[in-house]
Structures are given as structure tokens and as C-alpha cells.
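Undergrad: File start_39.cif below, mmCIF, C-alpha atoms and all ligand atoms:
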```cif
data_entry
#
loop_
_atom_site.group_PDB
_atom_site.id
_atom_site.type_symbol
_atom_site.label_atom_id
_atom_site.label_comp_id
_atom_site.auth_asym_id
_atom_site.auth_seq_id
_atom_site.Cartn_x
_atom_site.Cartn_y
_atom_site.Cartn_z
ATOM 1 C CA MET M 1 125.875 41.809 -20.971
ATOM 2 C CA SER M 2 129.430 42.410 -22.029
ATOM 3 C CA ASP M 3 131.976 39.959 -20.652
ATOM 4 C CA ILE M 4 134.708 42.568 -20.802
ATOM 5 C CA THR M 5 135.856 43.374 -17.303
ATOM 6 C CA PRO M 6 137.857 46.430 -16.298
ATOM 7 C CA GLY M 7 141.528 45.822 -16.909
ATOM 8 C CA THR M 8 140.991 43.404 -19.792
ATOM 9 C CA PRO M 9 143.662 44.165 -22.425
ATOM 10 C CA ALA M 10 142.279 45.789 -25.577
ATOM 11 C CA VAL M 11 144.313 43.378 -27.684
ATOM 12 C CA PRO M 12 143.456 39.720 -27.156
ATOM 13 C CA LEU M 13 146.385 37.672 -25.962
ATOM 14 C CA HIS M 14 145.093 34.494 -27.532
ATOM 15 C CA VAL M 15 143.083 33.806 -30.652
ATOM 16 C CA GLU M 16 141.333 30.608 -31.542
ATOM 17 C CA ASP M 17 142.174 29.345 -35.014
ATOM 18 C CA PRO M 18 139.930 26.410 -35.983
ATOM 19 C CA ASN M 19 142.816 24.839 -37.909
ATOM 20 C CA VAL M 20 145.579 25.113 -35.386
ATOM 21 C CA GLY M 21 143.822 25.776 -32.087
ATOM 22 C CA PRO M 22 144.682 28.575 -29.692
ATOM 23 C CA ARG M 23 147.862 30.533 -30.271
ATOM 24 C CA VAL M 24 149.418 33.672 -28.917
ATOM 25 C CA ALA M 25 148.392 36.580 -31.120
ATOM 26 C CA PHE M 26 150.408 39.287 -29.461
ATOM 27 C CA ARG M 27 152.497 39.176 -26.350
ATOM 28 C CA PRO M 28 153.883 42.520 -25.197
ATOM 29 C CA GLU M 29 157.503 42.284 -24.089
ATOM 30 C CA SER M 30 157.726 42.449 -20.339
ATOM 31 C CA GLY M 31 160.132 45.027 -18.955
ATOM 32 C CA THR M 32 162.591 46.900 -21.110
ATOM 33 C CA PRO M 33 163.142 45.276 -24.498
ATOM 34 C CA ARG M 34 166.724 44.202 -25.181
ATOM 35 C CA PRO M 35 168.806 46.609 -27.264
ATOM 36 C CA VAL M 36 169.271 45.660 -30.915
ATOM 37 C CA VAL M 37 172.231 46.234 -33.245
ATOM 38 C CA GLY M 38 172.195 46.252 -37.043
ATOM 39 C CA ALA M 39 174.910 46.277 -39.703
ATOM 40 C CA ALA M 40 174.851 48.355 -42.857
ATOM 41 C CA VAL M 41 177.333 46.096 -44.659
ATOM 42 C CA VAL M 42 178.811 47.964 -47.614
ATOM 43 C CA ASP M 43 181.220 46.846 -50.326
ATOM 44 C CA GLU M 44 184.030 49.094 -49.105
ATOM 45 C CA VAL M 45 183.814 51.522 -46.192
ATOM 46 C CA ALA M 46 186.333 53.888 -47.798
ATOM 47 C CA ALA M 47 184.180 54.317 -50.914
ATOM 48 C CA PRO M 48 180.853 52.546 -50.463
ATOM 49 C CA THR M 49 178.593 51.999 -53.465
ATOM 50 C CA VAL M 50 176.234 49.210 -52.349
ATOM 51 C CA VAL M 51 174.730 47.932 -49.092
ATOM 52 C CA LEU M 52 173.568 44.448 -48.175
ATOM 53 C CA ALA M 53 169.848 44.165 -47.389
ATOM 54 C CA ALA M 54 168.472 40.987 -45.832
ATOM 55 C CA ARG M 55 164.931 39.662 -46.111
ATOM 56 C CA ARG M 56 163.540 38.121 -42.925
ATOM 57 C CA SER M 57 162.062 34.668 -42.966
ATOM 58 C CA ALA M 58 160.793 34.727 -39.369
ATOM 59 C CA PRO M 59 158.895 35.453 -37.212
ATOM 60 C CA GLU M 60 155.699 35.428 -39.242
ATOM 61 C CA VAL M 61 154.918 39.073 -38.524
ATOM 62 C CA LEU M 62 158.272 40.194 -40.012
ATOM 63 C CA ALA M 63 158.714 37.541 -42.711
ATOM 64 C CA GLY M 64 159.166 39.075 -46.164
ATOM 65 C CA LEU M 65 160.365 42.427 -44.817
ATOM 66 C CA TRP M 66 163.891 43.707 -45.389
ATOM 67 C CA GLU M 67 166.265 44.760 -42.647
ATOM 68 C CA PHE M 68 169.870 45.254 -41.631
ATOM 69 C CA PRO M 69 171.366 41.968 -40.459
ATOM 70 C CA GLY M 70 171.928 41.927 -36.712
ATOM 71 C CA GLY M 71 170.014 41.098 -33.566
ATOM 72 C CA LYS M 72 169.715 41.520 -29.852
ATOM 73 C CA VAL M 73 172.604 42.378 -27.567
ATOM 74 C CA GLU M 74 173.090 39.799 -24.820
ATOM 75 C CA PRO M 75 173.093 41.135 -21.243
ATOM 76 C CA GLY M 76 176.575 42.485 -20.474
ATOM 77 C CA GLU M 77 177.736 42.127 -24.073
ATOM 78 C CA ASP M 78 179.450 44.978 -25.894
ATOM 79 C CA PRO M 79 177.078 46.170 -28.657
ATOM 80 C CA ARG M 80 179.767 46.132 -31.338
ATOM 81 C CA ALA M 81 180.910 42.643 -30.356
ATOM 82 C CA ALA M 82 177.259 41.559 -30.404
ATOM 83 C CA LEU M 83 176.891 42.835 -33.949
ATOM 84 C CA VAL M 84 179.988 41.040 -35.206
ATOM 85 C CA ARG M 85 178.681 37.845 -33.540
ATOM 86 C CA GLU M 86 175.156 38.189 -34.959
ATOM 87 C CA VAL M 87 176.379 38.783 -38.501
ATOM 88 C CA ARG M 88 178.705 35.801 -38.284
ATOM 89 C CA GLU M 89 175.801 33.617 -37.115
ATOM 90 C CA GLU M 90 173.318 34.929 -39.666
ATOM 91 C CA LEU M 91 175.457 35.413 -42.772
ATOM 92 C CA GLY M 92 178.589 33.385 -42.080
ATOM 93 C CA VAL M 93 180.943 36.322 -42.590
ATOM 94 C CA HIS M 94 183.328 38.232 -40.379
ATOM 95 C CA ILE M 95 182.780 41.985 -40.520
ATOM 96 C CA ARG M 96 184.737 44.995 -39.391
ATOM 97 C CA LEU M 97 182.602 47.859 -38.118
ATOM 98 C CA ASP M 98 183.209 51.424 -39.182
ATOM 99 C CA ARG M 99 180.956 54.427 -38.504
ATOM 100 C CA GLU M 100 177.693 54.614 -36.577
ATOM 101 C CA VAL M 101 174.556 55.677 -38.415
ATOM 102 C CA ALA M 102 173.676 57.910 -35.517
ATOM 103 C CA ALA M 103 170.124 58.378 -34.325
ATOM 104 C CA ASP M 104 168.944 61.419 -32.377
ATOM 105 C CA HIS M 105 169.083 59.245 -29.238
ATOM 106 C CA PRO M 106 172.272 57.716 -27.794
ATOM 107 C CA GLU M 107 170.673 54.278 -27.559
ATOM 108 C CA GLY M 108 169.749 54.327 -31.204
ATOM 109 C CA TRP M 109 166.740 54.230 -33.468
ATOM 110 C CA LEU M 110 163.304 53.499 -32.052
ATOM 111 C CA LEU M 111 161.836 50.214 -33.304
ATOM 112 C CA GLY M 112 158.223 49.137 -33.502
ATOM 113 C CA ASN M 113 158.338 47.165 -30.256
ATOM 114 C CA GLY M 114 159.877 49.997 -28.230
ATOM 115 C CA ALA M 115 163.427 48.609 -28.419
ATOM 116 C CA ARG M 116 166.247 50.775 -29.738
ATOM 117 C CA MET M 117 168.703 49.768 -32.440
ATOM 118 C CA ARG M 118 172.206 51.108 -33.057
ATOM 119 C CA VAL M 119 173.378 50.724 -36.641
ATOM 120 C CA PHE M 120 176.980 50.651 -37.836
ATOM 121 C CA THR M 121 178.453 50.607 -41.286
ATOM 122 C CA ALA M 122 180.713 47.632 -41.853
ATOM 123 C CA GLU M 123 182.655 45.755 -44.471
ATOM 124 C CA ILE M 124 183.276 42.057 -44.887
ATOM 125 C CA VAL M 125 186.784 40.966 -44.031
ATOM 126 C CA GLU M 126 186.227 37.235 -44.459
ATOM 127 C CA GLY M 127 183.629 35.041 -46.113
ATOM 128 C CA ASP M 128 180.872 35.157 -48.673
ATOM 129 C CA PRO M 129 177.491 36.179 -47.203
ATOM 130 C CA GLN M 130 174.735 33.565 -47.235
ATOM 131 C CA PRO M 131 171.242 33.663 -45.684
ATOM 132 C CA LEU M 132 172.077 31.002 -43.075
ATOM 133 C CA GLU M 133 169.700 32.046 -40.301
ATOM 134 C CA ASP M 134 166.592 34.271 -40.024
ATOM 135 C CA HIS M 135 166.724 35.362 -43.695
ATOM 136 C CA ASP M 136 165.741 33.835 -47.023
ATOM 137 C CA ARG M 137 167.333 36.379 -49.320
ATOM 138 C CA LEU M 138 170.231 38.822 -49.429
ATOM 139 C CA GLU M 139 170.606 41.603 -51.921
ATOM 140 C CA TRP M 140 173.329 44.142 -52.632
ATOM 141 C CA ARG M 141 171.576 47.430 -53.456
ATOM 142 C CA ALA M 142 172.976 50.729 -54.720
ATOM 143 C CA LEU M 143 173.382 53.318 -51.974
ATOM 144 C CA ASP M 144 170.731 55.422 -53.571
ATOM 145 C CA ARG M 145 167.714 56.553 -51.610
ATOM 146 C CA ALA M 146 165.104 55.710 -54.260
ATOM 147 C CA ALA M 147 166.644 52.328 -55.113
ATOM 148 C CA LEU M 148 166.831 51.336 -51.454
ATOM 149 C CA GLN M 149 163.383 52.562 -50.499
ATOM 150 C CA GLU M 150 161.881 50.357 -53.234
ATOM 151 C CA LEU M 151 162.441 47.441 -50.880
ATOM 152 C CA ASP M 152 159.730 46.523 -48.390
ATOM 153 C CA TRP M 153 161.705 47.452 -45.246
ATOM 154 C CA ILE M 154 160.568 46.930 -41.690
ATOM 155 C CA PRO M 155 158.843 50.331 -41.278
ATOM 156 C CA ALA M 156 161.151 51.483 -38.458
ATOM 157 C CA ASP M 157 164.142 50.995 -40.788
ATOM 158 C CA ARG M 158 163.081 53.520 -43.426
ATOM 159 C CA PRO M 159 164.496 56.610 -41.665
ATOM 160 C CA ILE M 160 167.688 54.652 -40.958
ATOM 161 C CA VAL M 161 168.044 53.899 -44.658
ATOM 162 C CA ASP M 162 167.762 57.620 -45.427
ATOM 163 C CA ALA M 163 170.315 58.480 -42.728
ATOM 164 C CA LEU M 164 172.689 55.834 -44.101
ATOM 165 C CA VAL M 165 172.501 57.295 -47.601
ATOM 166 C CA GLU M 166 173.240 60.755 -46.161
ATOM 167 C CA LEU M 167 176.139 59.438 -44.080
ATOM 168 C CA VAL M 168 177.925 57.703 -46.946
ATOM 169 C CA ARG M 169 177.321 60.521 -49.440
ATOM 170 C CA PRO M 170 180.676 62.047 -50.390
ATOM 171 C CA GLY M 171 181.239 64.713 -47.750
ATOM 172 C CA GLY M 172 178.486 63.213 -45.557
HETATM 173 N N1 LIG R 1 168.266 42.662 -36.932
HETATM 174 C C1 LIG R 1 167.383 43.636 -37.109
HETATM 175 N N2 LIG R 1 166.281 43.715 -36.320
HETATM 176 C C2 LIG R 1 165.424 44.712 -36.566
HETATM 177 C C3 LIG R 1 165.636 45.680 -37.592
HETATM 178 N N3 LIG R 1 164.599 46.543 -37.590
HETATM 179 C C4 LIG R 1 163.748 46.169 -36.609
HETATM 180 O O1 LIG R 1 162.678 46.688 -36.308
HETATM 181 N N4 LIG R 1 164.260 45.040 -35.979
HETATM 182 C C5 LIG R 1 163.599 44.342 -34.888
HETATM 183 C C6 LIG R 1 163.097 42.977 -35.280
HETATM 184 C C7 LIG R 1 163.162 42.219 -33.982
HETATM 185 O O2 LIG R 1 161.988 42.537 -33.243
HETATM 186 C C8 LIG R 1 164.369 42.827 -33.278
HETATM 187 C C9 LIG R 1 165.629 42.048 -33.519
HETATM 188 O O3 LIG R 1 165.460 40.756 -33.059
HETATM 189 P P1 LIG R 1 166.114 39.479 -33.732
HETATM 190 O O4 LIG R 1 165.076 38.421 -33.776
HETATM 191 O O5 LIG R 1 166.776 39.849 -35.031
HETATM 192 O O6 LIG R 1 167.196 39.146 -32.648
HETATM 193 P P2 LIG R 1 168.081 37.843 -32.472
HETATM 194 O O7 LIG R 1 168.662 37.465 -33.818
HETATM 195 O O8 LIG R 1 169.033 38.168 -31.361
HETATM 196 O O9 LIG R 1 167.052 36.712 -32.115
HETATM 197 P P3 LIG R 1 166.424 36.123 -30.792
HETATM 198 O O10 LIG R 1 167.373 36.363 -29.664
HETATM 199 O O11 LIG R 1 165.120 36.867 -30.623
HETATM 200 O O12 LIG R 1 166.214 34.710 -31.164
HETATM 201 O O13 LIG R 1 164.519 44.138 -33.834
HETATM 202 C C10 LIG R 1 166.789 45.579 -38.396
HETATM 203 O O14 LIG R 1 167.051 46.370 -39.312
HETATM 204 N N5 LIG R 1 167.638 44.545 -38.119
#
```
Go ahead and render the structure in this file as C-alpha cells.
Ligand SMILES: Nc1nc2c([nH]c(=O)n2[C@H]2C[C@H](O)[C@@H](COP(=O)(O)OP(=O)(O)OP(=O)(O)O)O2)c(=O)[nH]1

TA:
Amino acid sequence: MSDITPGTPAVPLHVEDPNVGPRVAFRPESGTPRPVVGAAVVDEVAAPTVVLAARRSAPEVLAGLWEFPGGKVEPGEDPRAALVREVREELGVHIRLDREVAADHPEGWLLGNGARMRVFTAEIVEGDPQPLEDHDRLEWRALDRAALQELDWIPADRPIVDALVELVRPGG
């Protein structure tokens, strides 16, 4: 007889790995996920030619994928202030935000976990970016759709990359 009882989640919450013992395989976020902010850091907001992509080193499920540096907004924190803070923590640079890469939703782009992310273009006003936290590699890439999409982005970021290229296109 099956040991599955009504109400048992379809996705197991724990898996047994003979090498490391039980671990959490997938834990849905409870409640509303915290909003996320990301920075499309360009060389110069007035005439951008390249954007800074960052490769995640953690968590395991995202490691190796490229993203916009940034992170979660703290409760009560202004999203733009949160983004400046996150980029300082992660890359060790101070940025000045410019335009929003607008989504078709005021709270931003839908991410894989149901959170929404607002993305802003930005330029560095102080410091030399280094992968200090959460990333193992940074790369300046031409603001060209094909060149950017060659990277292995977090899937939810691909439409944002296209929108960024459109936004910074002369006349965009
Ligand atoms: N920073 C960033 N996060 C992204 C992007 N695309 C995307 O799906 N995400 C997801 C990955 C994470 O689930 C979430 C951001 O969480 P995070 O781990 O970077 O946040 P955080 O630095 O504040 O870290 P913590 O509070 O969880 O320790 O958004 C992106 O381009 N940039």
C-alpha cells in the first residue's frame, strides 16, 4: 500500500544522501517573498557600452549562473538604498543609480521563486569592483543582445537582459 497520505507535498522536503545524511531539498518560502533589487552597472550612464555581469557562487542551486548584483530589500528599507547597500557589500563599490529597467509590473520582474525584482542602471562612482561576496567572477560585457545572452543567466534574468539592451540603445 502506498504510504502517501492526502496532503503530502509532491516535492519531498528532505532527501537522504548516504554521504551527508538528510538535508533540505526544497523549502518553499513561507508568506510573500521579500522584494529583490538588481543593478545593471554600466561603464557610463550617459553613453553606456558595457554592463557588469556577476557569476553566483551560492547557493548551490544558483552557483555558476550569472545575474545582476543586488539582493533582498530589508523590511522598511527604500529599494534604491537597498541596492546601493547590496552592491557595496558584494562588490565593494559605491554606485549611483540612474534609470529603471521597467517591467510590466510596478513591483518588477517575476523571479523563479515568486519574488519580484526591480532593476536599475547604475554607474560606479567610487571603487574597483571585486567579487567579495556571493560571486566568484565578474565580467564586463558589451551591451549587445547576442553577446550578453551567451552567458548562462539565471533564467528569469534573460528578458531583463533584453529589456536593458533596448533601454540603453540610442533613442531607447
Ligand atoms: N541579486 C540578484 N538576485 C536574483 C537575480 N535574478 C534572480 O532570480 N535572483 C534571485 C536569486 C535569489 O533567490 C534572490 C536574491 O537573493 P540574494 O541571495 O541575492 O539576496 P541577499 O544578498 O539579500 O541574501 P540573503 O539575505 O538571502 O542572505 O533573487 C539577479 O539578477 N540578481

Undergrad: Please write as a list in words the full residue list that the PyMOL selection byres (((chain M and resi 123) around 6) and not hetatm) yields on this file.

TA: Val41, Val42, Glu44, Ile95, Arg96, Ala122 and Ile124 of chain M

Undergrad: Once the PyMOL selection byres (((not hetatm)) within 7 of (chain R and resi 1)) is applied to the coordinates I shared, what remains selected? I want it as a list of chain:residue names.

TA: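 Those residues are M:Val36, M:Val37, M:Gly38, M:Glu67, M:Phe68, M:Pro69, M:Gly70, M:Gly71, M:Lys72, M:Val73, M:Glu86, M:Leu111, M:Gly112, M:Asn113, M:Ile154, M:Ala156, M:Asp157.
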
Undergrad: Evaluate the PyMOL selection byres (((chain M and resi 163) around 12) and not hetatm) and record the selected residues as a PyMOL selection string, following the chain and residue labels used in the document.

TA: chain M and resi 40+100-104+109+119-121+143-145+148-149+157-162+164-169+172

Undergrad: Out of M:Val125, M:Ala58, M:Met117, M:Leu132, which residue has the shortest atom-to-atom distance to Pro35 (chain M) when counting all atoms listed in the file?

TA: M:Met117

Undergrad: Enter the distance from CA of Trp66 (chain M) to CA of Glu90 (chain M), in Å, rounded to one decimal.

TA: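 Those two atoms sit 14.1 Å apart.
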
Undergrad: Rank nothing, just name the residue among M:Leu91, M:Leu65, M:Ala53, M:Ala47 nearest to Pro131 (chain M), using all atoms listed in the file.

TA: M:Leu91

Undergrad: May I ask for the distance between CA of Arg34 (chain M) and CA of Glu60 (chain M), given in Å to one decimal place?

TA: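 Spanning CA of Arg34 (chain M) to CA of Glu60 (chain M) is a straight-line distance of 19.9 Å.
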